[in-house]
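Pasted below: run32.cif, mmCIF, C-alpha atoms.
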```
data_protein
loop_
_atom_site.label_atom_id
_atom_site.label_comp_id
_atom_site.auth_asym_id
_atom_site.auth_seq_id
_atom_site.Cartn_x
_atom_site.Cartn_y
_atom_site.Cartn_z
CA MET K 1 0.25 -6.88 11.38
CA ARG K 2 -2.69 -7.43 13.68
CA ASN K 3 -5.27 -10.12 13.06
CA PRO K 4 -8.91 -9.00 12.89
CA SER K 5 -11.27 -10.19 15.60
CA SER K 6 -14.82 -11.32 15.03
CA ALA K 7 -17.91 -10.97 17.17
CA LEU K 8 -20.01 -13.27 14.97
CA PRO K 9 -21.65 -16.36 16.48
CA SER K 10 -19.46 -19.42 15.97
CA TYR K 11 -21.92 -21.16 13.62
CA LEU K 12 -22.27 -18.06 11.42
CA SER K 13 -18.54 -17.49 11.41
CA GLY K 14 -18.07 -21.06 10.24
CA ILE K 15 -20.57 -20.62 7.40
CA LEU K 16 -18.88 -17.41 6.25
CA THR K 17 -15.46 -19.02 6.40
CA ILE K 18 -16.61 -21.93 4.23
CA ALA K 19 -18.26 -19.55 1.75
CA LEU K 20 -15.17 -17.37 1.57
CA ALA K 21 -12.92 -20.40 1.08
CA ALA K 22 -15.12 -21.59 -1.78
CA THR K 23 -15.06 -18.15 -3.40
CA LEU K 24 -11.30 -17.86 -3.13
CA ALA K 25 -10.74 -21.38 -4.38
CA PHE K 26 -12.90 -20.62 -7.42
CA TYR K 27 -10.92 -17.42 -8.03
CA ALA K 28 -7.63 -19.26 -7.64
CA CYS K 29 -8.58 -21.86 -10.22
CA SER K 30 -9.98 -19.37 -12.74
CA PRO K 31 -7.90 -18.35 -15.77
CA ARG K 32 -5.78 -15.22 -15.23
CA ILE K 33 -7.83 -12.86 -17.37
CA ARG K 34 -7.29 -9.17 -16.71
CA PRO K 35 -10.61 -7.56 -15.75
CA THR K 36 -11.80 -4.76 -17.98
CA SER K 37 -11.82 -1.50 -16.06
CA GLN K 38 -15.28 -0.17 -15.28
CA PRO K 39 -16.22 3.51 -15.77
CA GLU K 40 -16.30 4.14 -12.01
CA GLU K 41 -12.84 2.59 -11.62
CA THR K 42 -11.41 4.70 -14.43
CA SER K 43 -12.98 7.76 -12.82
CA THR K 44 -11.46 6.89 -9.42
CA LEU K 45 -8.03 6.41 -10.97
CA LYS K 46 -8.19 9.72 -12.86
CA LYS K 47 -9.32 11.52 -9.72
CA ALA K 48 -6.53 9.90 -7.67
CA LEU K 49 -3.87 10.81 -10.24
CA ALA K 50 -5.10 14.39 -10.43
CA ALA K 51 -5.05 14.71 -6.63
CA LEU K 52 -1.61 13.11 -6.36
CA HIS K 53 -0.12 15.71 -8.69
CA ASP K 54 -1.99 18.66 -7.14
CA PRO K 55 -0.44 19.83 -3.83
CA SER K 56 -3.46 22.07 -3.17
CA SER K 57 -6.10 19.34 -3.59
CA ARG K 58 -8.20 18.62 -0.49
CA TYR K 59 -9.05 15.14 -1.78
CA VAL K 60 -7.46 12.60 0.57
CA LEU K 61 -5.99 9.56 -1.18
CA VAL K 62 -6.69 6.31 0.66
CA VAL K 63 -3.93 3.69 0.48
CA SER K 64 -4.88 0.12 1.38
CA HIS K 65 -2.10 -1.71 3.24
CA ARG K 66 -1.48 -5.06 1.49
CA GLY K 67 -4.98 -4.97 0.05
CA ASP K 68 -8.12 -6.07 1.89
CA TRP K 69 -6.26 -8.38 4.28
CA ARG K 70 -9.11 -8.48 6.80
CA ASN K 71 -11.23 -10.46 4.36
CA TYR K 72 -8.66 -12.10 2.05
CA PRO K 73 -5.03 -13.21 2.25
CA GLU K 74 -2.78 -10.14 2.20
CA ASN K 75 -1.00 -9.30 -1.06
CA SER K 76 -3.34 -11.64 -2.95
CA LEU K 77 -5.26 -10.97 -6.16
CA PRO K 78 -8.68 -11.22 -4.44
CA ALA K 79 -7.46 -8.72 -1.81
CA ILE K 80 -6.55 -6.32 -4.64
CA GLU K 81 -9.88 -6.81 -6.41
CA SER K 82 -11.72 -6.10 -3.16
CA VAL K 83 -10.10 -2.71 -2.54
CA ILE K 84 -10.64 -1.69 -6.16
CA ARG K 85 -14.37 -2.38 -5.70
CA MET K 86 -14.24 -0.41 -2.43
CA GLY K 87 -13.10 2.73 -4.21
CA VAL K 88 -9.61 2.76 -2.69
CA ASP K 89 -7.16 5.07 -4.49
CA VAL K 90 -3.86 3.23 -3.99
CA MET K 91 -3.02 -0.46 -3.56
CA GLU K 92 0.15 -0.95 -1.48
CA LEU K 93 2.13 -4.14 -2.08
CA ASP K 94 5.46 -5.73 -1.15
CA LEU K 95 7.93 -7.60 -3.33
CA LYS K 96 10.23 -10.56 -2.86
CA GLN K 97 12.31 -12.48 -5.41
CA THR K 98 12.19 -16.23 -5.93
CA LYS K 99 15.19 -18.49 -6.50
CA ASP K 100 14.64 -18.20 -10.26
CA SER K 101 14.32 -14.37 -10.09
CA VAL K 102 10.53 -14.05 -10.35
CA LEU K 103 9.13 -11.06 -8.46
CA VAL K 104 6.21 -12.12 -6.26
CA LEU K 105 3.95 -10.35 -3.77
CA CYS K 106 4.99 -11.11 -0.20
CA HIS K 107 5.75 -8.89 2.78
CA ASP K 108 7.90 -11.27 4.84
CA TRP K 109 11.23 -12.75 3.81
CA THR K 110 9.86 -16.15 4.79
CA LEU K 111 6.74 -18.07 3.78
CA ASP K 112 5.76 -19.17 7.27
CA ARG K 113 3.19 -16.54 8.29
CA THR K 114 1.34 -15.98 5.03
CA THR K 115 1.47 -19.39 3.32
CA THR K 116 1.49 -23.10 4.10
CA GLY K 117 5.18 -23.18 3.18
CA ARG K 118 8.27 -22.76 5.34
CA GLY K 119 11.55 -20.91 4.92
CA PRO K 120 12.77 -17.98 2.82
CA VAL K 121 10.94 -17.09 -0.39
CA SER K 122 14.31 -16.96 -2.13
CA ASP K 123 14.90 -20.66 -1.43
CA TYR K 124 12.14 -21.65 -3.87
CA THR K 125 11.55 -21.31 -7.60
CA TYR K 126 8.21 -19.85 -8.61
CA ALA K 127 7.07 -23.29 -9.78
CA GLU K 128 7.96 -24.73 -6.36
CA LEU K 129 5.92 -22.02 -4.61
CA GLN K 130 2.82 -23.39 -6.34
CA ALA K 131 2.84 -26.23 -3.81
CA PHE K 132 1.82 -23.77 -1.07
CA ASP K 133 -1.50 -22.03 -0.41
CA LEU K 134 -1.95 -18.50 0.88
CA LYS K 135 -3.35 -18.00 4.39
CA ARG K 136 -5.77 -15.42 5.74
CA GLY K 137 -4.98 -13.26 8.77
CA HIS K 138 -6.35 -15.92 11.13
CA GLY K 139 -3.89 -18.44 9.67
CA ILE K 140 -6.59 -20.26 7.68
CA ALA K 141 -5.22 -21.62 4.41
CA ILE K 142 -7.27 -21.12 1.22
CA PRO K 143 -6.89 -24.24 -0.96
CA GLY K 144 -5.75 -23.38 -4.47
CA LEU K 145 -4.98 -19.70 -3.83
CA LYS K 146 -1.31 -19.09 -4.67
CA MET K 147 1.17 -16.28 -4.19
CA PRO K 148 0.83 -13.94 -7.19
CA THR K 149 3.59 -12.54 -9.33
CA LEU K 150 4.11 -8.80 -9.69
CA ARG K 151 3.01 -9.05 -13.31
CA GLN K 152 -0.29 -10.69 -12.36
CA ALA K 153 -0.92 -7.97 -9.79
CA LEU K 154 -0.10 -5.14 -12.19
CA GLU K 155 -2.35 -6.64 -14.85
CA ILE K 156 -5.20 -6.55 -12.32
CA CYS K 157 -4.43 -2.93 -11.38
CA LYS K 158 -3.84 -1.49 -14.86
CA ASP K 159 -6.19 1.45 -15.60
CA ARG K 160 -8.06 0.75 -12.34
CA ILE K 161 -6.01 1.84 -9.30
CA LEU K 162 -2.69 3.44 -8.38
CA VAL K 163 -0.02 1.04 -7.13
CA ASN K 164 2.47 1.71 -4.35
CA VAL K 165 5.50 -0.58 -4.23
CA ASP K 166 6.68 -0.49 -0.62
CA GLN K 167 9.29 -3.19 -0.12
CA GLY K 168 10.84 -3.37 -3.56
CA TYR K 169 13.03 -0.38 -4.37
CA GLU K 170 15.99 -2.76 -4.81
CA TYR K 171 14.14 -4.12 -7.86
CA TYR K 172 13.51 -0.65 -9.31
CA ASP K 173 14.89 -1.35 -12.79
CA ARG K 174 12.84 -4.53 -13.19
CA VAL K 175 9.63 -2.95 -11.89
CA LEU K 176 10.13 -0.02 -14.26
CA SER K 177 10.74 -2.32 -17.21
CA MET K 178 7.55 -4.26 -16.48
CA ALA K 179 5.57 -1.04 -15.99
CA GLU K 180 6.81 0.32 -19.33
CA GLU K 181 5.85 -2.92 -21.06
CA LEU K 182 2.34 -2.80 -19.57
CA GLY K 183 1.92 0.91 -20.25
CA MET K 184 1.42 1.92 -16.62
CA THR K 185 4.63 3.70 -15.63
CA ASP K 186 2.73 6.79 -14.43
CA GLN K 187 0.44 4.59 -12.34
CA ILE K 188 3.12 3.21 -10.01
CA LEU K 189 4.60 4.99 -6.99
CA ILE K 190 7.72 3.47 -5.44
CA LYS K 191 9.37 4.63 -2.21
CA SER K 192 12.58 4.25 -0.26
CA GLY K 193 14.74 5.69 2.49
CA GLN K 194 17.75 5.96 0.15
CA PRO K 195 19.82 9.17 -0.08
CA LEU K 196 18.71 11.53 -2.85
CA SER K 197 22.01 11.15 -4.72
CA VAL K 198 21.54 7.37 -4.93
CA VAL K 199 17.99 7.76 -6.27
CA GLN K 200 19.02 10.40 -8.79
CA GLU K 201 21.86 8.24 -10.10
CA ARG K 202 19.53 5.29 -10.64
CA MET K 203 16.85 7.37 -12.36
CA ALA K 204 19.40 9.08 -14.61
CA GLY K 205 19.83 5.78 -16.44
CA HIS K 206 16.24 5.80 -17.76
CA ASP K 207 14.30 7.99 -20.17
CA HIS K 208 11.15 7.54 -18.10
CA ASN K 209 10.81 6.75 -14.41
CA LEU K 210 8.28 5.54 -11.90
CA LEU K 211 6.73 8.02 -9.51
CA TYR K 212 8.96 8.24 -6.44
CA MET K 213 8.57 9.22 -2.78
CA PRO K 214 11.13 9.34 0.06
CA VAL K 215 10.34 7.79 3.45
CA ILE K 216 11.33 9.94 6.42
CA ASN K 217 11.43 8.84 10.04
CA VAL K 218 10.90 12.02 12.05
CA ALA K 219 13.74 12.33 14.54
CA PRO K 220 15.42 15.11 16.52
CA PRO K 221 16.38 17.96 14.14
CA GLU K 222 20.07 17.14 14.36
CA LYS K 223 19.41 13.65 12.96
CA MET K 224 17.36 14.66 9.93
CA ALA K 225 20.10 15.11 7.32
CA LEU K 226 18.25 12.83 4.85
CA PHE K 227 15.13 14.99 5.07
CA ASP K 228 17.13 18.21 4.71
CA GLU K 229 18.80 16.79 1.58
CA TYR K 230 15.47 16.05 -0.10
CA ILE K 231 13.82 19.32 0.94
CA ALA K 232 16.68 21.35 -0.51
CA ALA K 233 16.47 19.61 -3.90
CA LYS K 234 14.85 21.17 -6.95
CA PRO K 235 12.37 20.37 -8.34
CA SER K 236 10.43 19.42 -5.21
CA GLN K 237 9.44 15.84 -4.45
CA LEU K 238 6.00 14.52 -5.39
CA ALA K 239 5.27 13.43 -1.81
CA TYR K 240 6.88 12.45 1.49
CA GLU K 241 5.94 9.58 3.75
CA ILE K 242 6.68 10.58 7.34
CA CYS K 243 6.65 8.25 10.35
CA PHE K 244 6.63 9.66 13.87
CA GLY K 245 6.35 8.43 17.45
CA GLN K 246 4.89 11.67 18.76
CA LEU K 247 2.74 14.34 17.22
CA ASP K 248 4.85 17.14 18.68
CA ASP K 249 6.28 20.45 17.50
CA ASN K 250 9.11 18.69 15.67
CA THR K 251 6.62 16.56 13.70
CA ARG K 252 4.49 19.61 12.93
CA ASN K 253 7.57 21.45 11.68
CA VAL K 254 8.50 18.56 9.36
CA ALA K 255 4.94 18.42 8.02
CA ARG K 256 4.95 22.17 7.43
CA ARG K 257 8.26 22.00 5.55
CA VAL K 258 6.89 19.21 3.35
CA LEU K 259 3.84 21.27 2.43
CA ASP K 260 5.85 24.47 1.95
CA SER K 261 8.06 22.61 -0.53
CA GLY K 262 5.03 21.90 -2.71
CA ALA K 263 4.89 18.16 -1.93
CA LYS K 264 2.06 15.95 -0.67
CA LEU K 265 2.13 14.55 2.87
CA TRP K 266 1.62 10.78 3.40
CA ILE K 267 0.97 9.38 6.89
CA ASN K 268 0.50 5.75 7.96
CA THR K 269 -2.31 5.16 10.45
CA LEU K 270 -1.61 1.41 10.47
CA TRP K 271 -0.40 1.29 14.06
CA ALA K 272 0.35 3.72 16.85
CA SER K 273 4.15 3.79 16.55
CA LEU K 274 3.97 5.20 13.00
CA CYS K 275 1.60 8.10 13.71
CA GLY K 276 2.01 9.22 17.30
CA GLY K 277 -0.87 7.07 18.52
CA TYR K 278 -3.47 8.35 16.02
CA ASP K 279 -4.03 4.95 14.45
CA ASP K 280 -6.84 3.03 12.75
CA ASP K 281 -7.75 0.79 15.69
CA ARG K 282 -8.01 3.79 18.02
CA ALA K 283 -10.26 5.53 15.47
CA PHE K 284 -12.37 2.40 14.94
CA ASP K 285 -12.85 1.90 18.68
CA SER K 286 -13.59 5.57 19.29
CA GLU K 287 -17.10 7.01 19.51
CA ASP K 288 -15.80 9.90 17.41
CA PRO K 289 -13.10 8.95 14.86
CA ASP K 290 -12.60 12.65 14.18
CA THR K 291 -10.65 12.86 17.46
CA VAL K 292 -8.14 10.46 15.91
CA TYR K 293 -8.09 11.20 12.18
CA GLY K 294 -8.76 14.92 12.70
CA PRO K 295 -5.25 15.76 14.01
CA ILE K 296 -3.72 13.80 11.10
CA LEU K 297 -5.70 15.86 8.60
CA ASP K 298 -4.83 19.04 10.50
CA LEU K 299 -1.16 18.35 9.77
CA GLY K 300 -1.98 18.81 6.10
CA CYS K 301 -1.97 15.11 5.31
CA SER K 302 -3.64 14.24 2.00
CA ILE K 303 -2.48 10.61 1.64
CA ILE K 304 -3.34 8.08 4.37
CA GLN K 305 -2.24 4.46 4.39
CA THR K 306 -4.69 2.40 6.39
CA ASP K 307 -5.57 -1.09 7.58
CA ARG K 308 -9.26 -0.11 7.58
CA PRO K 309 -9.89 1.32 4.09
CA GLU K 310 -13.67 0.98 4.08
CA PHE K 311 -13.97 2.67 7.47
CA LEU K 312 -11.59 5.48 6.51
CA ILE K 313 -13.34 6.16 3.19
CA ALA K 314 -16.69 6.45 4.99
CA TYR K 315 -15.16 8.91 7.47
CA LEU K 316 -13.53 11.01 4.75
CA LYS K 317 -16.75 11.17 2.72
CA LYS K 318 -18.56 12.62 5.74
CA LYS K 319 -15.80 15.26 5.90
CA ASN K 320 -16.13 15.94 2.14
CA ARG K 321 -12.51 14.87 1.70
CA HIS K 322 -13.04 11.84 -0.56
#
```
Is it possible to give me this structure as structure tokens?
Amino acid sequence: MRNPSSALPSYLSGILTIALAATLAFYACSPRIRPTSQPEETSTLKKALAALHDPSSRYVLVVSHRGDWRNYPENSLPAIESVIRMGVDVMELDLKQTKDSVLVLCHDWTLDRTTTGRGPVSDYTYAELQAFDLKRGHGIAIPGLKMPTLRQALEICKDRILVNVDQGYEYYDRVLSMAEELGMTDQILIKSGQPLSVVQERMAGHDHNLLYMPVINVAPPEKMALFDEYIAAKPSQLAYEICFGQLDDNTRNVARRVLDSGAKLWINTLWASLCGGYDDDRAFDSEDPDTVYGPILDLGCSIIQTDRPEFLIAYLKKKNRH
């Protein structure tokens, strides 16, 4: 994950950093009270759910990668709140398990990059993790802001925004149980690169299931047995996440097969290696972001995961796609 750069004067940057630290510290010390969803948030969620289940919808769902990590620590509650206020459709998060089996939000296996702690997350109990503060992208620690649990995150998101569990399929049964308890099973999308038979076997053990999406790395046709297995299955999948190094005829063929199956197409514009070079930074630095995002939309993509959610939403609104 890249760190954001700033062109602000040093004195102004310092003032903003202090103000942000104070805000986050206040948030961290506040009681964990679930915000009441506002009418505009409920409307955004309903619109996102409708679009997700409608293969023909031209509405493009915007997925925020680890929340608003440019302004807050990634996978933190303030980062989630920020993207909800932005009008983002889907909050993407990552899961790890503590020594005492608490599911927490963290992308890395270790604490080193995102907190003031050191070593694997699994070496600590949840209570022990409270000794460490979360860090922003620049490595600045926010006193009092702690790593949240999955439950805390879901309570924030309930009735307000769709949730995508990226790293976390191994905890499927526990995530499902928590979602059922909170009444938000249909609000959570989980993904994996597991064979279809493995996924079907796991889901067969439950009366209700989370929304599910396979992740496909576009490769030469002879190496795409996983994709062929999913495409052949009935009923069709809800959506496919595809990752590709080149936007070539093979990628276009995979995208076309996804759409022909009746599924939605999800593409990550986080960095160049995931989307053939049509990434967020290239769009942001371009005089015309349409030269970057345009080819992604032309593939039939209607779900974009981004590191620049505010920028992407503004672009899509101009295109009447959000």
Translate the PyMOL selection byres ((chain K and resi 161-176) around 7), as applied to the file shown, into an explicit residue set as a CSV table (one decimal) with C-alpha atoms, in the frame of the given file.
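This is the output file result00.csv:
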```
chain,number,residue,atom,x,y,z
K,45,LEU,CA,-8.0,6.4,-11.0
K,84,ILE,CA,-10.6,-1.7,-6.2
K,89,ASP,CA,-7.2,5.1,-4.5
K,90,VAL,CA,-3.9,3.2,-4.0
K,91,MET,CA,-3.0,-0.5,-3.6
K,92,GLU,CA,0.2,-1.0,-1.5
K,93,LEU,CA,2.1,-4.1,-2.1
K,94,ASP,CA,5.5,-5.7,-1.2
K,95,LEU,CA,7.9,-7.6,-3.3
K,157,CYS,CA,-4.4,-2.9,-11.4
K,158,LYS,CA,-3.8,-1.5,-14.9
K,159,ASP,CA,-6.2,1.4,-15.6
K,160,ARG,CA,-8.1,0.8,-12.3
K,177,SER,CA,10.7,-2.3,-17.2
K,178,MET,CA,7.6,-4.3,-16.5
K,179,ALA,CA,5.6,-1.0,-16.0
K,180,GLU,CA,6.8,0.3,-19.3
K,185,THR,CA,4.6,3.7,-15.6
K,187,GLN,CA,0.4,4.6,-12.3
K,188,ILE,CA,3.1,3.2,-10.0
K,189,LEU,CA,4.6,5.0,-7.0
K,190,ILE,CA,7.7,3.5,-5.4
K,191,LYS,CA,9.4,4.6,-2.2
K,192,SER,CA,12.6,4.2,-0.3
K,209,ASN,CA,10.8,6.8,-14.4
K,210,LEU,CA,8.3,5.5,-11.9
```
Using the file's own x, y and z axes, so that the box edges lie along x, y and z, what centre and edge lengths in Å (one decimal) does a box around every listed atom of range 124-136 of chain K get when 4 Å is added on each side? Give it as JSON.
```
{"center_x": 3.2, "center_y": -20.8, "center_z": -2.0, "size_x": 25.9, "size_y": 18.8, "size_z": 23.5}
```
Could the residues of range 39-120 of chain K that have an atom at most 10 Å from range 290-304 of chain K be listed as a Markdown table, each with its closest atom pair and the distance in Å to one decimal, counting all atoms listed in the file and ordered by chain and ascending residue number?
```
| residue | atom | partner | partner_atom | distance |
| --- | --- | --- | --- | --- |
| K:Ala51 | CA | K:Ser302 | CA | 8.8 |
| K:Leu52 | CA | K:Ile303 | CA | 8.4 |
| K:Pro55 | CA | K:Ser302 | CA | 8.7 |
| K:Ser56 | CA | K:Ser302 | CA | 9.4 |
| K:Ser57 | CA | K:Ser302 | CA | 8.0 |
| K:Arg58 | CA | K:Ser302 | CA | 6.8 |
| K:Tyr59 | CA | K:Ser302 | CA | 6.7 |
| K:Val60 | CA | K:Ser302 | CA | 4.4 |
| K:Leu61 | CA | K:Ile303 | CA | 4.6 |
| K:Val62 | CA | K:Ile304 | CA | 5.3 |
| K:Val63 | CA | K:Ile304 | CA | 5.9 |
| K:Ser64 | CA | K:Ile304 | CA | 8.6 |
| K:His65 | CA | K:Ile304 | CA | 9.9 |
| K:Asp89 | CA | K:Ile303 | CA | 9.5 |
| K:Val90 | CA | K:Ile303 | CA | 9.4 |
```
Have a look at CA of Tyr72 in chain K and CA of Ala239 in chain K and let me know their distance in Å, one decimal. 29.3 Å
Taking all atoms listed in the file into account, which of K:Asn71, K:Gln246, K:Ser286, K:Gln237 comes nearest Leu274 in chain K?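 Among the listed residues, K:Gln246 lies closest to Leu274 in chain K.
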Distance in Å - CA of Leu238 in chain K versus CA of Pro195 in chain K: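 So the answer is 15.7 Å.
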Would you mind reading off the distance between CA of Arg113 in chain K and CA of Gly193 in chain K, one decimal, in Å?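 Those two atoms sit 25.7 Å apart.
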Using the chain letters and residue numbers of this document, give as a short mmCIF file (atom, residue, chain, number, x, y, z; two decimals) with C-alpha atoms, in the frame of the given file the residues selected by the PyMOL selection byres ((chain K and resi 147) around 7).
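Okay, this is what ended up in part10.cif:
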```cif
data_model
loop_
_atom_site.label_atom_id
_atom_site.label_comp_id
_atom_site.auth_asym_id
_atom_site.auth_seq_id
_atom_site.Cartn_x
_atom_site.Cartn_y
_atom_site.Cartn_z
CA SER K 76 -3.34 -11.64 -2.95
CA VAL K 104 6.21 -12.12 -6.26
CA LEU K 105 3.95 -10.35 -3.77
CA LEU K 134 -1.95 -18.50 0.88
CA LYS K 146 -1.31 -19.09 -4.67
CA PRO K 148 0.83 -13.94 -7.19
CA THR K 149 3.59 -12.54 -9.33
#
```
For Thr98 in chain K, the nearest of the candidates K:Gln130, K:Gln152, K:Ser37, K:Asn250, counting only C-alpha atoms: K:Gln130
If we count all atoms listed in the file and set the cut-off at 8 Å, which residues sit around Val121 in chain K, ignoring sequence neighbours fewer than 2 positions away in its own chain? Please answer as a PyMOL selection string. chain K and resi 96-99+109-111+119+123-124
Please, could you write that set of residues out with C-alpha atoms as an mmCIF file, keeping the file's coordinate frame?
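To be explicit, this is the file written out as again.cif:
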```cif
data_model
loop_
_atom_site.group_PDB
_atom_site.id
_atom_site.type_symbol
_atom_site.label_atom_id
_atom_site.label_comp_id
_atom_site.auth_asym_id
_atom_site.auth_seq_id
_atom_site.Cartn_x
_atom_site.Cartn_y
_atom_site.Cartn_z
ATOM 1 C CA LYS K 96 10.230 -10.560 -2.860
ATOM 2 C CA GLN K 97 12.310 -12.480 -5.410
ATOM 3 C CA THR K 98 12.190 -16.230 -5.930
ATOM 4 C CA LYS K 99 15.190 -18.490 -6.500
ATOM 5 C CA TRP K 109 11.230 -12.750 3.810
ATOM 6 C CA THR K 110 9.860 -16.150 4.790
ATOM 7 C CA LEU K 111 6.740 -18.070 3.780
ATOM 8 C CA GLY K 119 11.550 -20.910 4.920
ATOM 9 C CA ASP K 123 14.900 -20.660 -1.430
ATOM 10 C CA TYR K 124 12.140 -21.650 -3.870
#
```
Where does the PyMOL selection byres ((chain K and resi 115) around 7) land in this file, that is, which residues does it pick, as number ranges by chain? K: 111-114, 116-117, 132-135
Considering only C-alpha atoms, state which residue in the set K:Gly277, K:Pro221, K:Gly262, K:Pro214 is at the smallest distance from Ser236 in chain K. K:Gly262
